file final34.cif (mmCIF, C-alpha atoms)
data_upload
#
loop_
_atom_site.label_atom_id
_atom_site.label_comp_id
_atom_site.auth_asym_id
_atom_site.auth_seq_id
_atom_site.Cartn_x
_atom_site.Cartn_y
_atom_site.Cartn_z
CA MET Z 1 0.00 0.00 0.00
CA TRP Z 2 2.81 2.33 0.86
CA CYS Z 3 4.40 1.80 -2.57
CA VAL Z 4 1.09 2.45 -4.30
CA PHE Z 5 0.61 5.66 -2.30
CA GLN Z 6 4.11 6.85 -3.16
CA HIS Z 7 3.56 6.17 -6.88
CA GLN Z 8 0.25 8.04 -6.77
CA LYS Z 9 1.92 10.97 -4.99
CA ALA Z 10 4.72 11.08 -7.59
CA ALA Z 11 2.22 10.92 -10.43
CA ALA Z 12 0.20 13.75 -8.91
CA HIS Z 13 3.37 15.84 -8.57
CA ILE Z 14 4.30 15.23 -12.21
CA LEU Z 15 0.78 16.12 -13.37
CA SER Z 16 0.88 19.27 -11.24
CA MET Z 17 4.20 20.33 -12.75
CA PHE Z 18 2.94 19.59 -16.27
CA TYR Z 19 -0.20 21.65 -15.61
CA LYS Z 20 1.79 24.60 -14.31
CA ARG Z 21 4.16 24.42 -17.25
CA SER Z 22 1.29 24.16 -19.72
CA LYS Z 23 -0.43 27.07 -18.04
CA GLY Z 24 2.77 29.13 -18.21
CA GLU Z 25 3.26 28.30 -21.89
CA HIS Z 26 -0.36 29.18 -22.61
CA SER Z 27 0.11 32.49 -20.79
CA MET Z 28 3.25 33.21 -22.81
CA LEU Z 29 1.46 32.40 -26.07
CA SER Z 30 -1.43 34.63 -25.03
CA GLN Z 31 0.97 37.52 -24.36
CA ILE Z 32 2.70 37.02 -27.70
CA LYS Z 33 -0.65 36.90 -29.50
CA ARG Z 34 -1.85 39.97 -27.62
CA ARG Z 35 1.21 42.10 -28.44
CA HIS Z 36 0.85 41.38 -32.17
CA ILE Z 37 -2.89 42.12 -32.08
CA ILE Z 38 -2.13 45.43 -30.34
CA VAL Z 39 0.45 46.35 -33.01
CA ALA Z 40 -2.06 45.48 -35.77
CA MET Z 41 -4.79 47.55 -34.10
CA LEU Z 42 -2.50 50.54 -33.61
CA PHE Z 43 -1.50 50.25 -37.27
CA ILE Z 44 -5.16 50.43 -38.37
CA CYS Z 45 -5.82 53.39 -36.07
CA TRP Z 46 -2.85 55.27 -37.51
CA VAL Z 47 -4.02 54.58 -41.06
CA VAL Z 48 -7.36 56.24 -40.26
CA GLY Z 49 -5.55 58.92 -38.25
CA PHE Z 50 -3.53 59.90 -41.30
CA LEU Z 51 -6.66 59.87 -43.43
CA ASP Z 52 -8.06 62.44 -40.99
CA LYS Z 53 -4.75 64.29 -40.77
CA THR Z 54 -4.14 64.73 -44.49
CA ALA Z 55 -7.70 64.97 -45.84
CA ILE Z 56 -7.50 68.76 -45.46
CA ASN Z 57 -4.69 68.91 -48.05
CA ILE Z 58 -7.13 67.86 -50.77
CA ALA Z 59 -10.30 69.26 -49.21
CA ILE Z 60 -8.69 72.71 -49.01
CA ILE Z 61 -9.13 73.06 -52.80
CA PRO Z 62 -12.99 73.19 -52.71
CA ILE Z 63 -12.88 74.88 -49.28
CA VAL Z 64 -10.86 77.80 -50.73
CA ASP Z 65 -13.54 78.29 -53.40
CA GLU Z 66 -16.40 78.07 -50.87
CA PHE Z 67 -14.91 80.45 -48.30
CA HIS Z 68 -12.93 82.62 -50.80
CA LEU Z 69 -9.63 82.19 -48.94
CA THR Z 70 -6.17 83.56 -49.79
CA SER Z 71 -3.07 81.35 -49.83
CA GLU Z 72 -2.07 82.61 -46.39
CA GLN Z 73 -5.54 81.94 -44.94
CA SER Z 74 -5.66 78.40 -46.29
CA GLY Z 75 -2.14 77.85 -44.97
CA MET Z 76 -3.27 78.97 -41.52
CA ILE Z 77 -6.19 76.48 -41.57
CA ILE Z 78 -3.79 73.67 -42.40
CA SER Z 79 -1.34 74.89 -39.76
CA ALA Z 80 -4.01 74.96 -37.01
CA PHE Z 81 -3.67 71.19 -36.77
CA PHE Z 82 0.07 71.36 -36.30
CA LEU Z 83 -0.03 74.12 -33.69
CA ALA Z 84 -2.36 72.06 -31.48
CA TYR Z 85 -0.42 68.90 -32.35
CA SER Z 86 2.85 70.45 -31.23
CA LEU Z 87 1.58 71.97 -27.97
CA THR Z 88 -0.33 68.84 -26.90
CA GLN Z 89 2.75 66.64 -27.42
CA LEU Z 90 4.28 68.09 -24.26
CA ILE Z 91 1.52 66.88 -21.95
CA GLY Z 92 0.53 63.89 -24.08
CA GLY Z 93 3.80 62.01 -23.72
CA TYR Z 94 3.87 62.70 -19.99
CA LEU Z 95 0.29 61.41 -19.57
CA VAL Z 96 1.16 58.16 -21.33
CA ASP Z 97 4.00 57.51 -18.87
CA ARG Z 98 1.77 58.39 -15.90
CA LEU Z 99 -1.66 57.00 -16.83
CA GLY Z 100 -0.85 54.08 -19.11
CA THR Z 101 -1.34 53.33 -22.78
CA ARG Z 102 -4.85 51.89 -22.81
CA SER Z 103 -6.83 54.85 -21.49
CA VAL Z 104 -4.70 57.54 -23.11
CA LEU Z 105 -4.51 55.97 -26.59
CA THR Z 106 -8.23 55.16 -26.82
CA SER Z 107 -9.12 58.67 -25.63
CA ALA Z 108 -6.79 60.13 -28.25
CA VAL Z 109 -8.44 58.22 -31.11
CA GLY Z 110 -11.87 59.30 -29.86
CA ILE Z 111 -10.89 62.98 -29.61
CA TRP Z 112 -9.37 63.24 -33.08
CA SER Z 113 -12.43 61.46 -34.55
CA ILE Z 114 -14.82 63.94 -32.92
CA GLY Z 115 -12.68 66.76 -34.32
CA THR Z 116 -12.87 65.24 -37.80
CA ILE Z 117 -16.67 65.05 -37.62
CA ALA Z 118 -16.71 68.70 -36.51
CA CYS Z 119 -14.69 69.64 -39.62
CA GLY Z 120 -17.61 68.53 -41.76
CA ALA Z 121 -20.19 70.38 -39.67
CA VAL Z 122 -18.68 73.87 -39.37
CA GLY Z 123 -19.95 76.86 -41.28
CA SER Z 124 -16.92 79.14 -41.33
CA ALA Z 125 -13.18 79.19 -41.88
CA MET Z 126 -12.62 79.93 -38.18
CA GLY Z 127 -14.75 76.93 -37.17
CA LEU Z 128 -12.74 74.76 -39.53
CA ALA Z 129 -9.47 75.94 -37.98
CA VAL Z 130 -10.74 75.17 -34.46
CA SER Z 131 -11.93 71.70 -35.54
CA ARG Z 132 -8.57 70.97 -37.12
CA ALA Z 133 -6.90 72.00 -33.86
CA LEU Z 134 -9.04 69.42 -32.03
CA VAL Z 135 -7.91 66.74 -34.48
CA GLY Z 136 -4.33 67.79 -33.79
CA MET Z 137 -4.82 67.51 -30.02
CA GLY Z 138 -6.03 63.92 -30.33
CA GLU Z 139 -3.38 62.75 -32.76
CA ALA Z 140 -0.57 64.38 -30.76
CA VAL Z 141 -0.67 61.62 -28.14
CA PHE Z 142 -0.45 58.71 -30.55
CA PRO Z 143 3.30 58.68 -31.42
CA ALA Z 144 4.34 58.64 -27.74
CA GLY Z 145 1.57 56.20 -26.78
CA SER Z 146 2.45 53.71 -29.50
CA SER Z 147 6.15 53.90 -28.59
CA VAL Z 148 5.38 53.14 -24.94
CA ALA Z 149 3.10 50.26 -25.99
CA ILE Z 150 6.04 48.75 -27.86
CA THR Z 151 8.47 49.16 -24.96
CA GLU Z 152 5.94 47.32 -22.78
CA ASN Z 153 5.97 44.28 -25.06
CA PHE Z 154 9.28 44.05 -26.96
CA LYS Z 155 13.02 43.95 -26.24
CA LYS Z 156 15.15 46.94 -27.25
CA GLU Z 157 16.89 45.07 -30.06
CA SER Z 158 13.55 44.17 -31.69
CA MET Z 159 11.58 47.40 -31.18
CA ALA Z 160 12.21 48.93 -34.61
CA ARG Z 161 10.14 46.38 -36.55
CA PRO Z 162 6.86 46.76 -34.64
CA LYS Z 163 7.32 50.55 -34.57
CA SER Z 164 7.92 50.53 -38.32
CA VAL Z 165 4.69 48.59 -38.82
CA ILE Z 166 2.73 51.22 -36.88
CA GLN Z 167 4.55 54.10 -38.59
CA SER Z 168 3.84 52.54 -41.99
CA GLY Z 169 0.20 53.27 -41.28
CA ALA Z 170 1.06 56.86 -42.24
CA SER Z 171 2.03 55.77 -45.75
CA VAL Z 172 -1.05 53.60 -46.10
CA GLY Z 173 -3.14 56.52 -44.85
CA PHE Z 174 -1.59 58.77 -47.47
CA ALA Z 175 -2.07 56.23 -50.27
CA VAL Z 176 -5.63 55.28 -49.39
CA GLY Z 177 -6.43 58.84 -48.37
CA SER Z 178 -5.65 60.30 -51.78
CA LEU Z 179 -8.16 57.93 -53.35
CA VAL Z 180 -10.81 57.92 -50.60
CA THR Z 181 -10.89 61.67 -49.98
CA THR Z 182 -10.94 62.63 -53.65
CA ALA Z 183 -13.64 60.04 -54.36
CA LEU Z 184 -15.84 61.16 -51.45
CA ILE Z 185 -15.40 64.82 -52.36
CA ALA Z 186 -16.07 64.16 -56.06
CA TYR Z 187 -19.20 62.04 -55.52
CA PHE Z 188 -20.57 63.84 -52.43
CA ASN Z 189 -18.74 66.83 -50.94
CA TRP Z 190 -15.94 67.66 -48.53
CA ARG Z 191 -18.33 67.77 -45.54
CA VAL Z 192 -19.55 64.20 -46.07
CA MET Z 193 -15.93 63.10 -46.42
CA PHE Z 194 -14.94 64.46 -42.98
CA ILE Z 195 -18.02 63.11 -41.20
CA THR Z 196 -17.54 59.61 -42.68
CA LEU Z 197 -13.90 59.44 -41.58
CA GLY Z 198 -14.80 60.64 -38.09
CA LEU Z 199 -17.46 57.97 -37.57
CA VAL Z 200 -14.99 55.25 -38.60
CA GLY Z 201 -12.51 56.62 -36.06
CA LEU Z 202 -15.03 56.49 -33.21
CA ALA Z 203 -15.68 52.81 -33.94
CA LEU Z 204 -11.93 52.14 -33.86
CA ALA Z 205 -11.56 53.90 -30.49
CA ILE Z 206 -14.04 51.45 -28.95
CA ALA Z 207 -12.32 48.45 -30.57
CA LEU Z 208 -8.88 49.59 -29.37
CA TYR Z 209 -10.10 49.91 -25.78
CA LEU Z 210 -11.30 46.29 -25.88
CA VAL Z 211 -8.13 44.97 -27.52
CA MET Z 212 -5.79 46.63 -25.01
CA LYS Z 213 -7.47 45.05 -21.97
CA PRO Z 214 -4.59 43.66 -19.83
CA LEU Z 215 -4.23 39.89 -19.53
CA ALA Z 216 -5.03 38.46 -16.12
CA GLY Z 217 -1.80 37.98 -14.17
CA ALA Z 218 0.34 39.63 -16.84
CA ALA Z 219 3.48 41.34 -15.55
CA SER Z 220 3.63 45.11 -15.82
CA ILE Z 221 6.82 47.07 -16.37
CA SER Z 222 5.42 49.87 -14.24
CA ALA Z 223 6.68 47.98 -11.20
CA GLY Z 224 10.21 48.01 -12.62
CA PRO Z 225 12.40 50.87 -13.75
CA LYS Z 226 9.59 53.47 -13.78
CA LYS Z 227 10.27 53.99 -10.06
CA ALA Z 228 14.00 54.40 -10.60
CA LYS Z 229 13.92 58.22 -10.77
CA SER Z 230 11.88 60.99 -9.22
CA GLU Z 231 9.77 63.07 -11.62
CA LYS Z 232 12.05 66.08 -11.28
CA ALA Z 233 15.18 64.02 -11.90
CA ARG Z 234 13.57 62.26 -14.86
CA ILE Z 235 12.52 65.48 -16.60
CA THR Z 236 15.82 67.20 -15.78
CA ALA Z 237 17.76 64.31 -17.31
CA LEU Z 238 15.75 64.65 -20.52
CA LEU Z 239 16.30 68.39 -20.78
CA LYS Z 240 20.03 68.25 -20.03
CA ASN Z 241 20.79 65.51 -22.53
CA SER Z 242 22.14 66.98 -25.78
CA LEU Z 243 20.70 64.03 -27.71
CA THR Z 244 17.19 65.33 -26.96
CA TRP Z 245 17.82 68.65 -28.69
CA LYS Z 246 19.73 67.19 -31.63
CA ILE Z 247 17.00 64.67 -32.45
CA ALA Z 248 14.37 67.40 -32.11
CA LEU Z 249 16.29 69.66 -34.49
CA CYS Z 250 16.66 66.87 -37.08
CA TYR Z 251 12.96 66.12 -36.96
CA PHE Z 252 12.03 69.84 -36.99
CA PHE Z 253 13.66 70.42 -40.37
CA THR Z 254 12.48 67.06 -41.72
CA ASN Z 255 8.91 68.05 -40.89
CA ILE Z 256 9.27 71.33 -42.75
CA VAL Z 257 10.26 69.37 -45.84
CA PHE Z 258 7.67 66.61 -45.48
CA TRP Z 259 4.65 68.75 -44.65
CA GLY Z 260 5.66 71.46 -47.07
CA LEU Z 261 5.38 68.85 -49.82
CA GLN Z 262 2.21 67.23 -48.48
CA SER Z 263 0.36 70.49 -47.91
CA TRP Z 264 1.04 72.24 -51.20
CA LEU Z 265 1.75 69.56 -53.80
CA PRO Z 266 -1.96 68.79 -54.45
CA SER Z 267 -2.49 72.46 -55.38
CA TYR Z 268 0.75 72.42 -57.41
CA TRP Z 269 -0.31 69.42 -59.47
CA VAL Z 270 -3.77 70.86 -60.17
CA LYS Z 271 -2.97 74.57 -60.65
CA VAL Z 272 0.51 74.44 -62.21
CA LYS Z 273 0.60 71.06 -63.95
CA GLY Z 274 -3.07 71.10 -64.96
CA MET Z 275 -4.01 67.71 -63.52
CA SER Z 276 -7.61 66.84 -62.71
CA MET Z 277 -8.60 66.11 -59.10
CA MET Z 278 -9.09 62.40 -59.79
CA SER Z 279 -5.84 61.91 -61.72
CA MET Z 280 -3.94 63.88 -59.07
CA GLY Z 281 -5.45 61.66 -56.37
CA ALA Z 282 -4.50 58.48 -58.25
CA TYR Z 283 -0.91 59.61 -58.89
CA SER Z 284 -0.57 60.84 -55.31
CA ALA Z 285 -1.26 57.32 -54.04
CA ILE Z 286 1.98 56.02 -55.58
CA PRO Z 287 4.63 57.61 -53.28
CA PRO Z 288 3.02 56.53 -49.99
CA THR Z 289 2.31 53.04 -51.34
CA LEU Z 290 6.04 52.43 -51.75
CA GLY Z 291 6.58 54.39 -48.56
CA PHE Z 292 4.67 51.67 -46.71
CA LEU Z 293 7.22 49.10 -47.85
CA SER Z 294 10.09 51.45 -47.04
CA PHE Z 295 8.92 51.76 -43.43
CA LEU Z 296 8.93 47.98 -43.00
CA PHE Z 297 12.32 47.62 -44.68
CA CYS Z 298 13.84 50.43 -42.61
CA GLY Z 299 12.49 48.82 -39.42
CA TRP Z 300 14.31 45.62 -40.33
CA LEU Z 301 17.50 47.56 -41.21
CA LEU Z 302 17.43 49.47 -37.92
CA ASP Z 303 17.19 46.29 -35.84
CA ARG Z 304 19.61 44.28 -37.97
CA TYR Z 305 22.35 46.72 -39.00
CA PHE Z 306 21.73 50.14 -37.40
CA HIS Z 307 21.02 49.22 -33.78
CA LYS Z 308 21.95 52.42 -31.89
CA LYS Z 309 23.56 53.74 -35.11
CA GLU Z 310 20.42 55.39 -36.46
CA LYS Z 311 22.29 58.62 -37.34
CA TYR Z 312 23.68 57.05 -40.51
CA LEU Z 313 20.23 56.23 -41.88
CA ILE Z 314 19.07 59.78 -41.06
CA CYS Z 315 22.04 61.24 -42.97
CA ILE Z 316 21.40 59.03 -46.00
CA GLY Z 317 17.70 59.89 -45.96
CA ALA Z 318 18.32 63.65 -45.80
CA LEU Z 319 20.85 63.65 -48.64
CA VAL Z 320 18.83 61.49 -51.03
CA SER Z 321 15.56 63.33 -50.36
CA ALA Z 322 17.22 66.70 -51.11
CA VAL Z 323 18.55 65.44 -54.45
CA PHE Z 324 15.24 63.97 -55.57
CA ILE Z 325 13.13 66.97 -54.53
CA TYR Z 326 15.39 69.03 -56.81
CA LEU Z 327 14.88 66.53 -59.64
CA MET Z 328 11.10 66.54 -59.09
CA ALA Z 329 10.94 70.33 -59.18
CA ASN Z 330 12.71 70.39 -62.56
CA ALA Z 331 11.00 67.41 -64.19
CA THR Z 332 8.92 68.19 -67.30
CA SER Z 333 7.13 64.83 -67.32
CA ILE Z 334 4.42 64.23 -64.70
CA PRO Z 335 5.14 60.46 -64.37
CA LEU Z 336 8.85 61.22 -63.96
CA ALA Z 337 8.11 63.93 -61.40
CA PHE Z 338 6.04 61.48 -59.36
CA PHE Z 339 8.87 58.92 -59.59
CA TYR Z 340 11.29 61.46 -58.09
CA LEU Z 341 8.72 62.36 -55.44
CA THR Z 342 8.33 58.68 -54.58
CA VAL Z 343 12.07 58.22 -54.02
CA SER Z 344 12.19 61.36 -51.89
CA ASN Z 345 9.21 60.15 -49.85
CA VAL Z 346 10.87 56.79 -49.19
CA PHE Z 347 13.97 58.42 -47.73
CA LEU Z 348 12.01 60.98 -45.71
CA ASN Z 349 10.23 57.97 -44.17
CA ALA Z 350 13.64 56.53 -43.29
CA ILE Z 351 14.39 59.68 -41.29
CA SER Z 352 11.03 59.55 -39.51
CA ILE Z 353 11.25 55.94 -38.32
CA SER Z 354 14.92 56.41 -37.36
CA VAL Z 355 14.00 59.34 -35.10
CA PHE Z 356 11.36 57.37 -33.16
CA VAL Z 357 13.54 54.27 -32.90
CA THR Z 358 16.44 56.41 -31.62
CA ILE Z 359 14.20 57.59 -28.78
CA MET Z 360 12.99 54.08 -27.89
CA LYS Z 361 16.47 52.57 -27.93
CA HIS Z 362 18.54 55.36 -26.36
CA TYR Z 363 16.22 56.36 -23.52
CA PRO Z 364 15.10 54.36 -20.46
CA SER Z 365 11.68 52.73 -20.67
CA HIS Z 366 10.17 54.90 -17.92
CA SER Z 367 10.86 58.05 -19.97
CA VAL Z 368 10.10 56.93 -23.54
CA GLY Z 369 6.65 58.53 -23.57
CA THR Z 370 7.83 61.83 -22.10
CA ALA Z 371 10.92 61.96 -24.34
CA THR Z 372 8.85 61.19 -27.45
CA GLY Z 373 6.32 63.84 -26.50
CA LEU Z 374 8.95 66.49 -25.78
CA ILE Z 375 11.00 65.84 -28.93
CA ASN Z 376 7.96 65.52 -31.18
CA SER Z 377 6.46 68.68 -29.69
CA LEU Z 378 9.53 70.70 -30.59
CA ALA Z 379 9.79 69.03 -34.00
CA GLN Z 380 6.13 69.62 -34.86
CA ILE Z 381 6.71 73.34 -34.73
CA GLY Z 382 8.28 72.69 -38.12
CA SER Z 383 5.05 71.05 -39.28
CA PHE Z 384 3.12 74.09 -38.05
CA VAL Z 385 5.45 76.61 -39.66
CA SER Z 386 5.79 74.80 -42.98
CA PRO Z 387 2.31 75.22 -44.60
CA THR Z 388 2.07 78.86 -43.53
CA ALA Z 389 5.68 79.64 -44.58
CA ILE Z 390 5.25 77.98 -47.97
CA GLY Z 391 1.95 79.84 -48.41
CA ALA Z 392 3.72 83.12 -47.60
CA ILE Z 393 6.53 82.32 -50.07
CA LEU Z 394 3.98 81.58 -52.81
CA GLN Z 395 2.11 84.79 -52.01
CA ALA Z 396 5.31 86.85 -52.10
CA THR Z 397 6.64 85.29 -55.32
CA ASP Z 398 3.37 85.29 -57.28
CA GLN Z 399 2.89 81.50 -56.89
CA ASN Z 400 6.49 80.58 -57.79
CA TYR Z 401 6.73 76.98 -56.55
CA GLN Z 402 10.40 76.68 -57.53
CA THR Z 403 11.36 79.04 -54.72
CA ALA Z 404 9.32 76.95 -52.27
CA PHE Z 405 11.03 73.75 -53.42
CA LEU Z 406 14.47 75.32 -52.93
CA ALA Z 407 13.54 76.29 -49.36
CA MET Z 408 12.60 72.66 -48.61
CA ILE Z 409 15.84 71.38 -50.14
CA GLY Z 410 17.76 73.73 -47.86
CA CYS Z 411 15.97 72.31 -44.82
CA ALA Z 412 16.91 68.77 -45.88
CA ILE Z 413 20.57 69.82 -46.00
CA VAL Z 414 20.31 71.25 -42.48
CA THR Z 415 18.88 67.91 -41.30
CA LEU Z 416 21.92 66.17 -42.77
CA ALA Z 417 24.30 68.52 -40.99
CA VAL Z 418 22.65 68.07 -37.59
CA ALA Z 419 22.35 64.28 -37.96
CA ALA Z 420 26.08 64.05 -38.58
CA THR Z 421 26.65 65.23 -34.99
CA LEU Z 422 24.45 62.55 -33.40
CA PRO Z 423 26.20 59.84 -31.36
CA ALA Z 424 26.72 56.32 -32.68
CA GLY Z 425 26.39 53.78 -29.88
CA SER Z 426 25.23 54.52 -26.37
CA LYS Z 427 27.65 57.17 -25.09
CA GLU Z 428 24.89 59.74 -24.64
CA GLU Z 429 22.18 57.47 -23.28
CA LEU Z 430 20.46 58.68 -20.14
CA VAL Z 431 20.94 55.36 -18.39
CA ALA Z 432 22.37 51.99 -19.30
CA ASP Z 433 19.98 49.38 -20.69
CA GLN Z 434 18.06 47.74 -17.89
CA ALA Z 435 16.37 44.36 -17.77
CA ILE Z 436 12.61 44.82 -17.52
CA PRO Z 437 10.87 42.27 -15.29
CA GLY Z 438 8.10 40.33 -17.03
CA LEU Z 439 9.08 41.57 -20.51
CA VAL Z 440 7.76 39.36 -23.30
CA LYS Z 441 10.72 37.88 -25.07
#
call {"tool": "encode", "arguments": {"input": "final34.cif", "output": "structure tokens"}}
result
Amino acid sequence: MWCVFQHQKAAAHILSMFYKRSKGEHSMLSQIKRRHIIVAMLFICWVVGFLDKTAINIAIIPIVDEFHLTSEQSGMIISAFFLAYSLTQLIGGYLVDRLGTRSVLTSAVGIWSIGTIACGAVGSAMGLAVSRALVGMGEAVFPAGSSVAITENFKKESMARPKSVIQSGASVGFAVGSLVTTALIAYFNWRVMFITLGLVGLALAIALYLVMKPLAGAASISAGPKKAKSEKARITALLKNSLTWKIALCYFFTNIVFWGLQSWLPSYWVKVKGMSMMSMGAYSAIPPTLGFLSFLFCGWLLDRYFHKKEKYLICIGALVSAVFIYLMANATSIPLAFFYLTVSNVFLNAISISVFVTIMKHYPSHSVGTATGLINSLAQIGSFVSPTAIGAILQATDQNYQTAFLAMIGCAIVTLAVAATLPAGSKEELVADQAIPGLVK
């Protein structure tokens, strides 16, 4: 009897160990599945976010006719988004670090969607500017929030690929947006277009809240290094680090180039090159379509070959984009001009993803949200200045787009010069890499 009892006890112990191991493996698989679902959901949200963000660039053409706006006035409407976007970045990144990704990200998607609906309901240029500012406030939180979501689920050496997937949503948004917005405006009107996009965004906000529900018993990194520094010390470390200001300066001038092109090229193609709205929309889908692939490829490059050496990819991107903007500005063939624009867009995307990956990999996890918010806030001043500045240049030069293109090329060269001073490696990191308890491997 004693032998039988011992065998039964041993068998029960083995079964118990097997159950615990199976349960642990199931939990690990659930966490892996969850992190990829979250990345996919954030990607979809950013696609719609960029539809909302860039729809004004095409809608401004019929809006100018309806409200009888000057170039400077239309530039100010476009810039209203970027002013709110820049200012909200400061508090947005901080809130993500303090309140968590789920509540802040879902609220952000909801806010920008309400602002988009308001764009279609306003009856004046001032109302449109205020609505665009609301869209900017909502979208301002997303870059920092998505970065923190990645640091919660991925190791440093594999963060670039999921971030590149989310960032590629911008290119998809541009590509799909050119077709969707022009089609909705052509078949209905610009008001219906904004309201439709806003309703889709509200549905996504609800879905994101459900998807980001924490797993039962899942480890949280908030119990780890987030308590390593006081708030004052954490913020002071960010402000004193020269890397913060160099990255911000690189992205500031990159945004002038990128949003200068995005804001005024639709008008350039229609007014100067004589393209129809529909053909312009179809051609405009080409650069961001290849940009989507470039984001994914750059994410792989950054993890595989440029880990903590992102400066080199930024330098390459700035140089190549400057050359191909010049070629685009002097091309006599529309297909050739769009080819040059596509190449330039690909390398501007390389700068963008490199900037965000630099922040995630060179800063401690407890400050990624705040650092992203601070740097992006300073950089988005360039996005705010660009449409208005280009509009002023066009007004002063009697719609001479060549002068505007030269100004953007100059900004790309400045980006190259600043990027060359960035560190390669981890000499200027705020803290050494730290192991994060409970991190999904």
call {"tool": "closest_residue", "arguments": {"input": "final34.cif", "among": "Z:Met280, Z:Ile111, Z:Ile166, Z:Val148", "to": "Ser178 (chain Z)", "atoms": "all atoms listed in the file"}}
result
Z:Met280
call {"tool": "atom_distance", "arguments": {"input": "final34.cif", "atom1": "CA of Cys411 (chain Z)", "atom2": "CA of Lys240 (chain Z)"}}
result
25.4 Å
call {"tool": "closest_residue", "arguments": {"input": "final34.cif", "among": "Z:Ala379, Z:Ala149, Z:Val357, Z:Ala121", "to": "Asp97 (chain Z)", "atoms": "only C-alpha atoms"}}
result
Z:Ala149
call {"tool": "closest_residue", "arguments": {"input": "final34.cif", "among": "Z:Ala125, Z:Met360, Z:Ile334, Z:Ile117", "to": "Val192 (chain Z)", "atoms": "all atoms listed in the file"}}
result
Z:Ile117
call {"tool": "residues_around", "arguments": {"input": "final34.cif", "residues": "region 291-299 of chain Z", "least_positions_apart": "6", "cutoff": "12 Å", "atoms": "only C-alpha atoms", "output": "VMD selection string"}}
result
chain Z and resid 43 47 157 to 176 284 to 285 305 to 307 310 313 to 314 316 to 317 341 to 358
call {"tool": "write_last_selection", "arguments": {"input": "final34.cif", "atoms": "C-alpha atoms", "output": "PDB file, keeping the file's coordinate frame"}}
result
ATOM      1  CA  PHE Z  43      -1.500  50.250 -37.270  1.00  0.00           C
ATOM      2  CA  VAL Z  47      -4.020  54.580 -41.060  1.00  0.00           C
ATOM      3  CA  GLU Z 157      16.890  45.070 -30.060  1.00  0.00           C
ATOM      4  CA  SER Z 158      13.550  44.170 -31.690  1.00  0.00           C
ATOM      5  CA  MET Z 159      11.580  47.400 -31.180  1.00  0.00           C
ATOM      6  CA  ALA Z 160      12.210  48.930 -34.610  1.00  0.00           C
ATOM      7  CA  ARG Z 161      10.140  46.380 -36.550  1.00  0.00           C
ATOM      8  CA  PRO Z 162       6.860  46.760 -34.640  1.00  0.00           C
ATOM      9  CA  LYS Z 163       7.320  50.550 -34.570  1.00  0.00           C
ATOM     10  CA  SER Z 164       7.920  50.530 -38.320  1.00  0.00           C
ATOM     11  CA  VAL Z 165       4.690  48.590 -38.820  1.00  0.00           C
ATOM     12  CA  ILE Z 166       2.730  51.220 -36.880  1.00  0.00           C
ATOM     13  CA  GLN Z 167       4.550  54.100 -38.590  1.00  0.00           C
ATOM     14  CA  SER Z 168       3.840  52.540 -41.990  1.00  0.00           C
ATOM     15  CA  GLY Z 169       0.200  53.270 -41.280  1.00  0.00           C
ATOM     16  CA  ALA Z 170       1.060  56.860 -42.240  1.00  0.00           C
ATOM     17  CA  SER Z 171       2.030  55.770 -45.750  1.00  0.00           C
ATOM     18  CA  VAL Z 172      -1.050  53.600 -46.100  1.00  0.00           C
ATOM     19  CA  GLY Z 173      -3.140  56.520 -44.850  1.00  0.00           C
ATOM     20  CA  PHE Z 174      -1.590  58.770 -47.470  1.00  0.00           C
ATOM     21  CA  ALA Z 175      -2.070  56.230 -50.270  1.00  0.00           C
ATOM     22  CA  VAL Z 176      -5.630  55.280 -49.390  1.00  0.00           C
ATOM     23  CA  SER Z 284      -0.570  60.840 -55.310  1.00  0.00           C
ATOM     24  CA  ALA Z 285      -1.260  57.320 -54.040  1.00  0.00           C
ATOM     25  CA  TYR Z 305      22.350  46.720 -39.000  1.00  0.00           C
ATOM     26  CA  PHE Z 306      21.730  50.140 -37.400  1.00  0.00           C
ATOM     27  CA  HIS Z 307      21.020  49.220 -33.780  1.00  0.00           C
ATOM     28  CA  GLU Z 310      20.420  55.390 -36.460  1.00  0.00           C
ATOM     29  CA  LEU Z 313      20.230  56.230 -41.880  1.00  0.00           C
ATOM     30  CA  ILE Z 314      19.070  59.780 -41.060  1.00  0.00           C
ATOM     31  CA  ILE Z 316      21.400  59.030 -46.000  1.00  0.00           C
ATOM     32  CA  GLY Z 317      17.700  59.890 -45.960  1.00  0.00           C
ATOM     33  CA  LEU Z 341       8.720  62.360 -55.440  1.00  0.00           C
ATOM     34  CA  THR Z 342       8.330  58.680 -54.580  1.00  0.00           C
ATOM     35  CA  VAL Z 343      12.070  58.220 -54.020  1.00  0.00           C
ATOM     36  CA  SER Z 344      12.190  61.360 -51.890  1.00  0.00           C
ATOM     37  CA  ASN Z 345       9.210  60.150 -49.850  1.00  0.00           C
ATOM     38  CA  VAL Z 346      10.870  56.790 -49.190  1.00  0.00           C
ATOM     39  CA  PHE Z 347      13.970  58.420 -47.730  1.00  0.00           C
ATOM     40  CA  LEU Z 348      12.010  60.980 -45.710  1.00  0.00           C
ATOM     41  CA  ASN Z 349      10.230  57.970 -44.170  1.00  0.00           C
ATOM     42  CA  ALA Z 350      13.640  56.530 -43.290  1.00  0.00           C
ATOM     43  CA  ILE Z 351      14.390  59.680 -41.290  1.00  0.00           C
ATOM     44  CA  SER Z 352      11.030  59.550 -39.510  1.00  0.00           C
ATOM     45  CA  ILE Z 353      11.250  55.940 -38.320  1.00  0.00           C
ATOM     46  CA  SER Z 354      14.920  56.410 -37.360  1.00  0.00           C
ATOM     47  CA  VAL Z 355      14.000  59.340 -35.100  1.00  0.00           C
ATOM     48  CA  PHE Z 356      11.360  57.370 -33.160  1.00  0.00           C
ATOM     49  CA  VAL Z 357      13.540  54.270 -32.900  1.00  0.00           C
ATOM     50  CA  THR Z 358      16.440  56.410 -31.620  1.00  0.00           C
TER      51      THR Z 358
END
